[in-house]
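Asker: File input.cif follows (mmCIF, C-alpha atoms):
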data_run
#
loop_
_atom_site.label_atom_id
_atom_site.label_comp_id
_atom_site.auth_asym_id
_atom_site.auth_seq_id
_atom_site.Cartn_x
_atom_site.Cartn_y
_atom_site.Cartn_z
CA MET A 825 7.40 44.41 -48.06
CA THR A 826 8.68 40.88 -48.45
CA ALA A 827 11.93 39.16 -47.69
CA ASP A 828 12.77 39.36 -51.42
CA SER A 829 12.75 43.16 -51.21
CA SER A 830 15.36 43.34 -48.39
CA SER A 831 18.05 44.83 -50.60
CA ASN A 832 15.70 47.64 -51.63
CA VAL A 833 14.69 48.69 -48.12
CA GLU A 834 15.89 52.08 -46.99
CA TRP A 835 16.23 52.79 -43.31
CA THR A 836 16.14 56.00 -41.35
CA VAL A 837 18.98 56.04 -38.85
CA LEU A 838 18.60 58.58 -36.05
CA VAL A 839 21.69 59.64 -34.11
CA ILE A 840 20.89 61.43 -30.86
CA ARG A 841 23.20 63.31 -28.53
CA LEU A 842 21.84 64.38 -25.15
CA ALA A 843 23.47 65.50 -21.93
CA ALA A 844 23.76 62.72 -19.35
CA GLU A 845 21.90 64.82 -16.76
CA PRO A 846 19.09 65.22 -16.11
CA THR A 847 18.26 61.67 -17.12
CA ARG A 848 14.56 62.41 -17.59
CA HIS A 849 15.28 63.83 -21.05
CA ARG A 850 17.14 60.72 -22.17
CA VAL A 851 14.38 58.53 -20.76
CA ALA A 852 11.65 60.55 -22.53
CA VAL A 853 13.42 60.20 -25.90
CA TRP A 854 14.16 56.52 -25.29
CA ARG A 855 10.52 55.83 -24.39
CA GLU A 856 9.26 57.60 -27.52
CA LEU A 857 11.60 55.61 -29.74
CA ARG A 858 10.66 52.32 -28.04
CA LYS A 859 6.98 53.23 -28.42
CA VAL A 860 7.36 53.81 -32.16
CA GLY A 861 9.23 50.50 -32.53
CA ALA A 862 12.68 51.86 -33.38
CA LEU A 863 15.55 49.41 -33.26
CA SER A 864 18.40 50.43 -30.95
CA LEU A 865 21.75 49.99 -32.69
CA GLY A 866 23.83 51.29 -29.82
CA GLN A 867 23.95 54.22 -27.46
CA GLY A 868 22.08 57.07 -29.10
CA VAL A 869 21.65 55.34 -32.48
CA TRP A 870 18.24 54.10 -33.61
CA ALA A 871 16.81 52.85 -36.90
CA VAL A 872 13.43 52.23 -38.51
CA PRO A 873 12.37 51.31 -42.03
CA ASP A 874 11.93 54.48 -44.05
CA VAL A 875 8.13 54.28 -44.30
CA PRO A 876 5.46 56.80 -43.24
CA ALA A 877 4.33 54.74 -40.22
CA PHE A 878 7.43 55.88 -38.31
CA SER A 879 7.59 59.56 -39.30
CA ALA A 880 5.46 61.01 -36.51
CA GLY A 881 7.23 59.06 -33.75
CA LEU A 882 10.68 60.02 -35.03
CA GLY A 883 9.52 63.63 -35.22
CA ARG A 884 8.36 63.52 -31.60
CA ALA A 885 11.69 62.01 -30.50
CA ARG A 886 13.63 64.71 -32.36
CA GLU A 887 11.43 67.40 -30.80
CA LEU A 888 11.97 65.98 -27.30
CA ALA A 889 15.71 65.88 -27.85
CA GLY A 890 15.71 69.45 -29.17
CA ARG A 891 13.73 70.78 -26.21
CA ALA A 892 16.28 69.13 -23.92
CA GLY A 893 19.13 70.93 -25.69
CA GLY A 894 20.25 67.81 -27.54
CA GLU A 895 21.16 67.25 -31.15
CA THR A 896 19.77 64.78 -33.67
CA VAL A 897 20.91 63.76 -37.11
CA ALA A 898 18.72 61.61 -39.37
CA LEU A 899 20.36 59.58 -42.13
CA ARG A 900 19.08 57.26 -44.83
CA ALA A 901 20.84 53.92 -45.09
CA THR A 902 20.72 50.58 -46.86
CA GLY A 903 22.66 47.39 -46.35
CA VAL A 904 25.97 47.20 -48.18
CA THR A 905 25.08 43.65 -49.28
CA ASP A 906 21.83 41.70 -49.50
CA ASP A 907 23.05 39.68 -46.49
CA ASP A 908 23.48 42.89 -44.49
CA SER A 909 20.01 44.03 -45.47
CA GLY A 910 18.54 40.65 -44.58
CA ARG A 911 20.22 40.60 -41.16
CA PHE A 912 18.98 44.09 -40.37
CA GLU A 913 15.47 43.19 -41.47
CA ALA A 914 15.66 40.04 -39.31
CA MET A 915 16.70 42.11 -36.28
CA PHE A 916 13.79 44.46 -36.79
CA THR A 917 11.34 41.58 -37.31
CA ALA A 918 12.64 39.85 -34.15
CA ALA A 919 11.79 43.02 -32.21
CA ARG A 920 8.25 42.92 -33.63
CA GLU A 921 8.00 39.23 -32.76
CA ASP A 922 8.80 40.21 -29.15
CA ASP A 923 5.99 42.78 -29.33
CA TRP A 924 3.55 40.13 -30.61
CA THR A 925 4.62 37.68 -27.88
CA GLU A 926 3.88 40.28 -25.22
CA PHE A 927 0.56 41.09 -26.89
CA LEU A 928 -0.43 37.40 -26.89
CA SER A 929 0.46 37.20 -23.20
CA ASP A 930 -1.90 40.09 -22.48
CA CYS A 931 -4.61 38.33 -24.49
CA ASP A 932 -4.11 35.37 -22.12
CA LYS A 933 -4.58 37.69 -19.15
CA PHE A 934 -7.73 39.19 -20.71
CA GLU A 935 -9.25 35.76 -21.25
CA ALA A 936 -8.29 34.62 -17.74
CA GLU A 937 -10.07 37.69 -16.34
CA ILE A 938 -13.21 36.90 -18.36
CA ASP A 939 -13.04 33.28 -17.14
CA LYS A 940 -12.76 34.47 -13.54
CA GLU A 941 -15.75 36.79 -13.86
CA ILE A 942 -17.85 34.01 -15.37
CA ARG A 943 -16.69 31.48 -12.74
CA THR A 944 -17.61 33.87 -9.91
CA ALA A 945 -20.77 35.05 -11.70
CA LYS A 946 -19.70 38.69 -11.52
CA PHE A 947 -22.08 40.01 -14.16
CA THR A 948 -22.15 43.74 -13.42
CA LEU A 949 -22.10 46.81 -15.65
CA ALA A 950 -19.02 48.09 -13.85
CA GLU A 951 -17.14 44.88 -14.62
CA LEU A 952 -18.40 44.90 -18.20
CA ASP A 953 -17.13 48.49 -18.63
CA GLU A 954 -13.73 47.44 -17.27
CA GLU A 955 -13.51 44.48 -19.66
CA GLU A 956 -14.59 46.64 -22.62
CA GLN A 957 -11.78 49.09 -21.77
CA SER A 958 -9.30 46.21 -21.57
CA LEU A 959 -10.36 44.94 -25.00
CA GLU A 960 -10.13 48.44 -26.48
CA ARG A 961 -6.59 48.71 -25.12
CA LEU A 962 -5.75 45.39 -26.83
CA ARG A 963 -7.24 46.68 -30.09
CA ARG A 964 -5.17 49.87 -29.97
CA TRP A 965 -2.03 47.91 -29.14
CA HIS A 966 -2.69 45.49 -32.01
CA ARG A 967 -3.12 48.42 -34.43
CA ASP A 968 0.13 49.98 -33.24
CA ILE A 969 2.17 46.80 -33.58
CA LYS A 970 0.62 45.98 -36.94
CA ALA A 971 1.59 49.42 -38.26
CA ARG A 972 5.20 48.83 -37.16
CA ASP A 973 5.38 45.22 -38.36
CA VAL A 974 6.61 46.20 -41.81
CA PHE A 975 8.06 42.79 -42.73
CA GLY A 976 5.42 40.50 -41.17
CA ALA A 977 6.65 38.80 -38.00
CA PRO A 978 5.68 35.13 -37.65
CA SER A 979 3.18 35.67 -34.79
CA ALA A 980 1.22 38.46 -36.49
CA ALA A 981 -1.51 36.13 -37.80
CA ALA A 982 -1.83 34.36 -34.45
CA ALA A 983 -2.18 37.73 -32.73
CA ALA A 984 -4.98 38.79 -35.09
CA ALA A 985 -6.79 35.50 -34.45
CA ARG A 986 -6.39 35.89 -30.67
CA LEU A 987 -7.79 39.42 -30.80
CA ARG A 988 -10.85 38.10 -32.65
CA HIS A 989 -11.19 35.38 -30.00
CA CYS A 990 -10.95 37.96 -27.20
CA THR A 991 -13.67 39.98 -28.98
CA ASP A 992 -15.89 36.88 -29.10
CA ARG A 993 -15.23 36.17 -25.41
CA LEU A 994 -16.29 39.71 -24.49
CA ALA A 995 -19.45 39.36 -26.61
CA ASP A 996 -20.33 36.19 -24.68
CA TYR A 997 -19.64 37.91 -21.35
CA THR A 998 -21.77 40.88 -22.44
CA GLU A 999 -24.69 38.54 -23.15
CA ARG A 1000 -24.33 37.00 -19.70
CA VAL A 1001 -24.34 40.44 -18.06
CA PHE A 1002 -27.42 41.41 -20.07
CA GLU A 1003 -29.20 38.17 -19.11
CA THR A 1004 -28.38 38.68 -15.43
CA LEU A 1005 -29.40 42.34 -15.31
CA HIS A 1006 -32.57 41.93 -17.33
CA GLY A 1007 -33.68 38.61 -15.90
CA THR A 1008 -33.94 36.82 -19.23
CA ASP A 1009 -34.44 33.08 -19.44
CA SER A 1010 -31.42 31.40 -17.91
CA THR A 1011 -31.72 28.32 -20.13
CA SER A 1012 -30.66 29.84 -23.43
CA PRO A 1013 -29.39 27.52 -26.20
CA ARG A 1014 -25.86 28.81 -25.60
CA GLU A 1015 -25.90 27.67 -21.99
CA ASP A 1016 -27.46 24.31 -22.83
CA ALA A 1017 -24.54 23.67 -25.18
CA GLU A 1018 -21.95 24.18 -22.45
#
Would you mind writing the file's structure down as structure tokens?

Answerer:
Amino acid sequence: MTADSSSNVEWTVLVIRLAAEPTRHRVAVWRELRKVGALSLGQGVWAVPDVPAFSAGLGRARELAGRAGGETVALRATGVTDDDSGRFEAMFTAAREDDWTEFLSDCDKFEAEIDKEIRTAKFTLAELDEEEQSLERLRRWHRDIKARDVFGAPSAAAAAARLRHCTDRLADYTERVFETLHGTDSTSPREDAE
């Protein structure tokens, strides 16, 4: 979807009513909706673009609310004017931009961890396994945000580039672990270039 198509975008608006107590039910529904990327419009009112990427998450939220004895009503909506549609799209895209900003921050942490392991020469299989798990978590997170980023937030391209860079950094660290564990020549061309 592009900014030019704002007036054509349909939204699913989910209205949820749950008892105030116990709060765990409200929190479970709230967490599911946040996880799927729904935009909170006010207490108990959430919206997402009406595209398949959000169907499963909305279904889970409705199921959670139903099991807690709550009620849900799903509505289809569009902006009354193109300006209304554009503002709503901008609000949704701003939420995705926040997701990308947090993702980029975690990429920074991943790279700092790799730097630390290289600086301290901690080239073990256990550490490599841990870093591989961290990168896989970043990959899953990137996929999830990308699926929700219907309108293309500004930082999406930078996030994809950073994920590729993190992948390259792990490949370099993997080579160093392999060299250390298998006693290969420590004067490889890669190290001479550093």

Asker: Quote the spacing between atom CA of Val897 of chain A and atom CA of Ile840 of chain A in Å to one decimal place.

Answerer: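 For atom CA of Val897 of chain A relative to atom CA of Ile840 of chain A, the distance reads 6.7 Å.
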
Asker: Return as a PyMOL selection string the set of residues that the PyMOL selection byres ((chain A and resi 976) around 9) yields on the displayed structure.

Answerer: chain A and resi 825-826+917+920-921+970+973-975+977-981

Asker: Which residues would end up in the selection if the PyMOL selection byres ((chain A and resi 873-876) around 8) were applied here, given that I need the answer as a CSV table (one decimal) with C-alpha atoms, keeping the file's coordinate frame?

Answerer:
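Contents of selection_20.csv, freshly written:
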chain,number,residue,atom,x,y,z
A,833,VAL,CA,14.7,48.7,-48.1
A,834,GLU,CA,15.9,52.1,-47.0
A,835,TRP,CA,16.2,52.8,-43.3
A,836,THR,CA,16.1,56.0,-41.4
A,871,ALA,CA,16.8,52.8,-36.9
A,872,VAL,CA,13.4,52.2,-38.5
A,877,ALA,CA,4.3,54.7,-40.2
A,878,PHE,CA,7.4,55.9,-38.3
A,879,SER,CA,7.6,59.6,-39.3
A,880,ALA,CA,5.5,61.0,-36.5
A,900,ARG,CA,19.1,57.3,-44.8
A,974,VAL,CA,6.6,46.2,-41.8

Asker: When you count all atoms listed in the file, which of these residues is closest to Cys931 of chain A: A:Glu1003, A:Glu955, A:Glu913, A:Glu895?

Answerer: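 With all atoms listed in the file as the atom set, the closest residue is A:Glu955.
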
Asker: When the PyMOL selection byres ((chain A and resi 991-998) around 8) is applied to the structure above, which residues does it catch, written out as a ChimeraX atom specification?

Answerer: /A:935,938,942,947,952,955-956,959,987-990,999-1002

Asker: When you count all atoms listed in the file, which of these residues is closest to Ala885 of chain A: A:Val839, A:Ala901, A:Leu962, A:Leu865?

Answerer: A:Val839
